[in-house]
Amino acid sequence: MSEPLTLATDVLVIGGGLAGAWAAVAAARAGADVVLVDKGHCGTSGVTATAGPGHWWVPPERREAAVADRLQRSLGLGDPNWMGRILDLTWTSLPGLRDHYAFSTDDRGEVQHRALRGPEYMRAMRAYAVATGARILDHHPALQLLRHGDGSIAGASGLALRGERPWTIRAGAVVLATGGTAFASRLLGSATNTGDGLLMGVEAGADLSGMEFTNYYTPSLAGTNMARSMAYSFARWFDADDRELDIPNGPDVTPHLARALLNGPLFCRLDRVPADIQAVMPEVQPNFVLPFQRLGIETYGERFEVTLHAEGTVRGIGGLRVTDQTCQTQVPGLFAAGDAASRELVTGAISGGGAVNSSWALSSGQWAGAAAARRARSTGARETDLAVATGQAGLKPRREARTFDAAGAVQAVREELNAYDKNIFRRGDVLAASLERLDRIWRELADHGRAEGRAGLRLREAAALVAAGRWSKAAALARRESRGMHRREDAPNLDPRLASRQRAQGLDRIFTRFEPALAPKAWRAEVA
């Protein structure tokens, strides 16, 4: 193994996707020395790089109505002030990307900021971060956080994949922007998103919120991992005998599709997609038509078989709980952004889709990065102070180290977190059985799992997936009602007493509790 790399910086950003890149930009613009570490290659890794992300791009005069609509659909869990804040920051931030991204124009020649081309967007964000002074270390996955004796964050340690070189970076503040997790569903772009930030954050003392809202699914051409949903808003659905099914499209289509799939193969025709949307699809969702072309299927004409891809917290909601408007967790100096942070504040109990989620990544990344820079300026990296490694499962076995089946653990997560009859149609007894299975795997991993180098990275990824699955199941079991994407077959109605956010924490034992019920809030846009 190569000689360890040791660095010190003001702000360490962990994760090089959309939120991580915006965090690096904001921290560097605030005058901080910034290092960004990415498990993959910043600019190509993560779900944004494969997508055609929209943004919640709303003119000032329409924001009050947009917030009111979103708040109503959040089913009691959203916060209008946070919604208004991301609308404001999205509006002022995207035009600043013009030096690195070629925005398209409409028929009238007006610049279109709302929808961007994912691959180019992420290349632009890498260039933007570098231009502001951030240092990027690709293929440097983080394995654990470091903490001072007073509980504040001291940095992180990990592994440089080239040469399997260990690294340690001391920092005055850390931004976790590691993305969400699709629970190993093989969703396009999610290979590096295994819940690492959730595990590292909880090990360091953070807690989570919204982990019951992690069962979002997207229709996809069967046999592919391309889950881009816009065209399916116009779909017609058929059974194996080519009988058209009475399935209404809309935000609640998922359970209808899942029930049909449990009964047999499901087919789709996209022949009702309007011509203008077909025309812009290569630009707004550039990867969507590629699988059809490769399989020789006429995208907007022929019938094709479909499946549902689990997207977990990627287009679900749950993640690390933020405690203030800077996106700090309850660990001093540790901030969370993008899919690594819970989005309940801006989406409530329903998915933020592409638009709100992208604006959340843009906004939370900047809030976290700027606040991390402020903290680092006041505390410094404290690189001579004692720092304690917080990583546990897969790094420090509680008992004797022995062979652990990491691949088997990942497969168990797939089976418990992706199956329609376990995760879309939830029941208390089934949730409890899933949790018991994952608990057993966790105990074995925590007791005996240990590996080094790339094998150690795979083991930590397995630990993160199992941990995230356990938090999801425990939170779903505790919320005995149906709200938004969380559907309980044994509790099909809304319970007014549960119109509040639910926290989850703990490693060996998981604890959940509901916050006090939220009082209705109002927000009024300031029109320029």
# chains A, B, ... in the order shown; residues from 1 in each chain; ligands from 1
$ closest_atom_pairs --of "region 142-176 of chain A" --to "region 377-392 of chain A" --cutoff "9 Å" --atoms "only C-alpha atoms" --output "CSV"
residue,atom,partner,partner_atom,distance
A:Leu143,CA,A:Gly391,CA,7.2
A:Gln144,CA,A:Gly391,CA,4.8
A:Leu145,CA,A:Thr390,CA,5.7
A:Leu146,CA,A:Ala389,CA,4.6
A:Arg147,CA,A:Val388,CA,5.2
A:His148,CA,A:Ala387,CA,4.8
A:Gly149,CA,A:Ala387,CA,7.0
A:Ile153,CA,A:Ala387,CA,8.6
A:Ala154,CA,A:Ala387,CA,6.2
A:Gly155,CA,A:Ala381,CA,8.2
A:Ala156,CA,A:Ala389,CA,7.9
A:Ser157,CA,A:Ala389,CA,8.1
A:Arg170,CA,A:Glu383,CA,5.8
A:Ala171,CA,A:Ala381,CA,4.5
A:Gly172,CA,A:Ala381,CA,4.0
A:Ala173,CA,A:Ala381,CA,7.7
$ residues_around --residues "region 490-505 of chain A" --least-positions-apart "4" --cutoff "10 Å" --atoms "only C-alpha atoms" --output "PyMOL selection string"
chain A and resi 75-78+202-203+205-212+318-321+344-345+348-349+425-429+471-472+474-476+478-484+486+509-519
$ select_by_dssp --residues "region 280-360 of chain A" --states "alpha helix (DSSP H)" --output "CSV table (one decimal) with N, CA, C and O atoms, in the first residue's frame"
chain,number,residue,atom,x,y,z
A,280,VAL,N,-38.0,18.1,-28.3
A,280,VAL,CA,-37.0,18.7,-27.3
A,280,VAL,C,-36.4,17.6,-26.4
A,280,VAL,O,-35.5,17.8,-25.7
A,281,MET,N,-37.0,16.4,-26.5
A,281,MET,CA,-36.5,15.3,-25.6
A,281,MET,C,-35.0,15.1,-25.8
A,281,MET,O,-34.3,14.9,-24.7
A,282,PRO,N,-34.4,15.1,-27.0
A,282,PRO,CA,-32.9,14.9,-27.0
A,282,PRO,C,-32.1,15.9,-26.3
A,282,PRO,O,-31.0,15.7,-25.9
A,283,GLU,N,-32.7,17.1,-26.1
A,283,GLU,CA,-32.0,18.1,-25.4
A,283,GLU,C,-32.3,18.1,-23.9
A,283,GLU,O,-31.3,18.2,-23.1
A,284,VAL,N,-33.5,17.9,-23.5
A,284,VAL,CA,-33.8,18.0,-22.1
A,284,VAL,C,-33.6,16.7,-21.3
A,284,VAL,O,-33.3,16.7,-20.1
A,290,LEU,N,-31.9,6.7,-26.2
A,290,LEU,CA,-30.8,5.8,-26.6
A,290,LEU,C,-31.1,4.3,-26.4
A,290,LEU,O,-30.8,3.5,-27.3
A,291,PRO,N,-31.7,3.8,-25.3
A,291,PRO,CA,-32.0,2.4,-25.2
A,291,PRO,C,-33.0,1.9,-26.3
A,291,PRO,O,-32.8,0.8,-26.8
A,292,PHE,N,-33.9,2.8,-26.6
A,292,PHE,CA,-34.9,2.4,-27.7
A,292,PHE,C,-34.2,2.2,-29.0
A,292,PHE,O,-34.4,1.2,-29.7
A,293,GLN,N,-33.3,3.1,-29.3
A,293,GLN,CA,-32.6,3.1,-30.6
A,293,GLN,C,-31.7,1.8,-30.6
A,293,GLN,O,-31.6,1.1,-31.7
A,294,ARG,N,-31.0,1.5,-29.5
A,294,ARG,CA,-30.1,0.4,-29.5
A,294,ARG,C,-30.9,-1.0,-29.6
A,294,ARG,O,-30.4,-1.9,-30.1
A,295,LEU,N,-32.1,-1.0,-29.1
A,295,LEU,CA,-33.0,-2.2,-29.2
A,295,LEU,C,-33.8,-2.2,-30.5
A,295,LEU,O,-34.6,-3.2,-30.7
A,344,GLU,N,-37.6,16.9,3.2
A,344,GLU,CA,-39.0,17.2,3.6
A,344,GLU,C,-39.4,18.6,3.7
A,344,GLU,O,-40.5,19.0,3.4
A,345,LEU,N,-38.4,19.5,4.0
A,345,LEU,CA,-38.7,20.9,4.2
A,345,LEU,C,-39.2,21.5,2.9
A,345,LEU,O,-40.0,22.5,2.9
A,346,VAL,N,-38.8,21.0,1.7
A,346,VAL,CA,-39.2,21.6,0.5
A,346,VAL,C,-40.1,20.7,-0.4
A,346,VAL,O,-40.7,21.2,-1.4
A,347,THR,N,-40.2,19.5,0.0
A,347,THR,CA,-41.1,18.6,-0.8
A,347,THR,C,-42.2,17.9,0.1
A,347,THR,O,-43.2,17.4,-0.5
A,355,ALA,N,-37.3,18.9,-10.9
A,355,ALA,CA,-37.2,20.3,-10.7
A,355,ALA,C,-36.8,20.8,-9.3
A,355,ALA,O,-35.8,21.5,-9.0
A,356,VAL,N,-37.7,20.4,-8.3
A,356,VAL,CA,-37.4,20.8,-7.0
A,356,VAL,C,-36.1,20.2,-6.4
A,356,VAL,O,-35.3,20.8,-5.7
A,357,ASN,N,-35.9,18.9,-6.8
A,357,ASN,CA,-34.7,18.3,-6.3
A,357,ASN,C,-33.4,19.0,-6.8
A,357,ASN,O,-32.4,19.1,-6.1
A,358,SER,N,-33.4,19.3,-8.1
A,358,SER,CA,-32.2,20.0,-8.6
A,358,SER,C,-32.0,21.4,-7.9
A,358,SER,O,-30.9,21.8,-7.6
A,359,SER,N,-33.1,22.1,-7.7
A,359,SER,CA,-33.0,23.4,-7.0
A,359,SER,C,-32.6,23.2,-5.6
A,359,SER,O,-31.9,24.0,-5.0
A,360,TRP,N,-33.0,22.1,-5.0
A,360,TRP,CA,-32.6,21.8,-3.6
A,360,TRP,C,-31.0,21.6,-3.6
A,360,TRP,O,-30.3,22.0,-2.7
$ closest_residue --among "A:Pro80, A:Pro265, A:Pro60, A:Gly20" --to "Phe238 (chain A)" --atoms "only C-alpha atoms"
A:Pro265
$ residues_around --residues "Ser185 (chain A)" --least-positions-apart "2" --cutoff "12 Å" --atoms "only C-alpha atoms" --output "MDAnalysis selection string"
chainID A and resid 181:183 187:194 215:218 224:227 308:314 410:419 465
$ select_by_dssp --residues "region 264-314 of chain A" --states "strand (DSSP E or B)" --output "ChimeraX atom specification"
/A:266-269,304-312
$ closest_residue --among "A:Pro286, A:Gly133, A:Gly180, A:Gly250" --to "Ala337 (chain A)" --atoms "only C-alpha atoms"
A:Gly180
$ closest_residue --among "A:Asp99, A:His139, A:Tyr128, A:Pro166" --to "His41 (chain A)" --atoms "only C-alpha atoms"
A:His139
$ atom_distance --atom1 "CA of Lys422 (chain A)" --atom2 "CA of Arg303 (chain A)"
28.6 Å
$ atom_distance --atom1 "CA of Asp106 (chain A)" --atom2 "CA of Ile277 (chain A)"
13.4 Å
$ atom_distance --atom1 "CA of Ala51 (chain A)" --atom2 "CA of Gly118 (chain A)"
4.8 Å
$ closest_residue --among "A:Ala68, A:Ala279, A:Val35, A:Ala401" --to "Glu452 (chain A)" --atoms "only C-alpha atoms"
A:Ala401
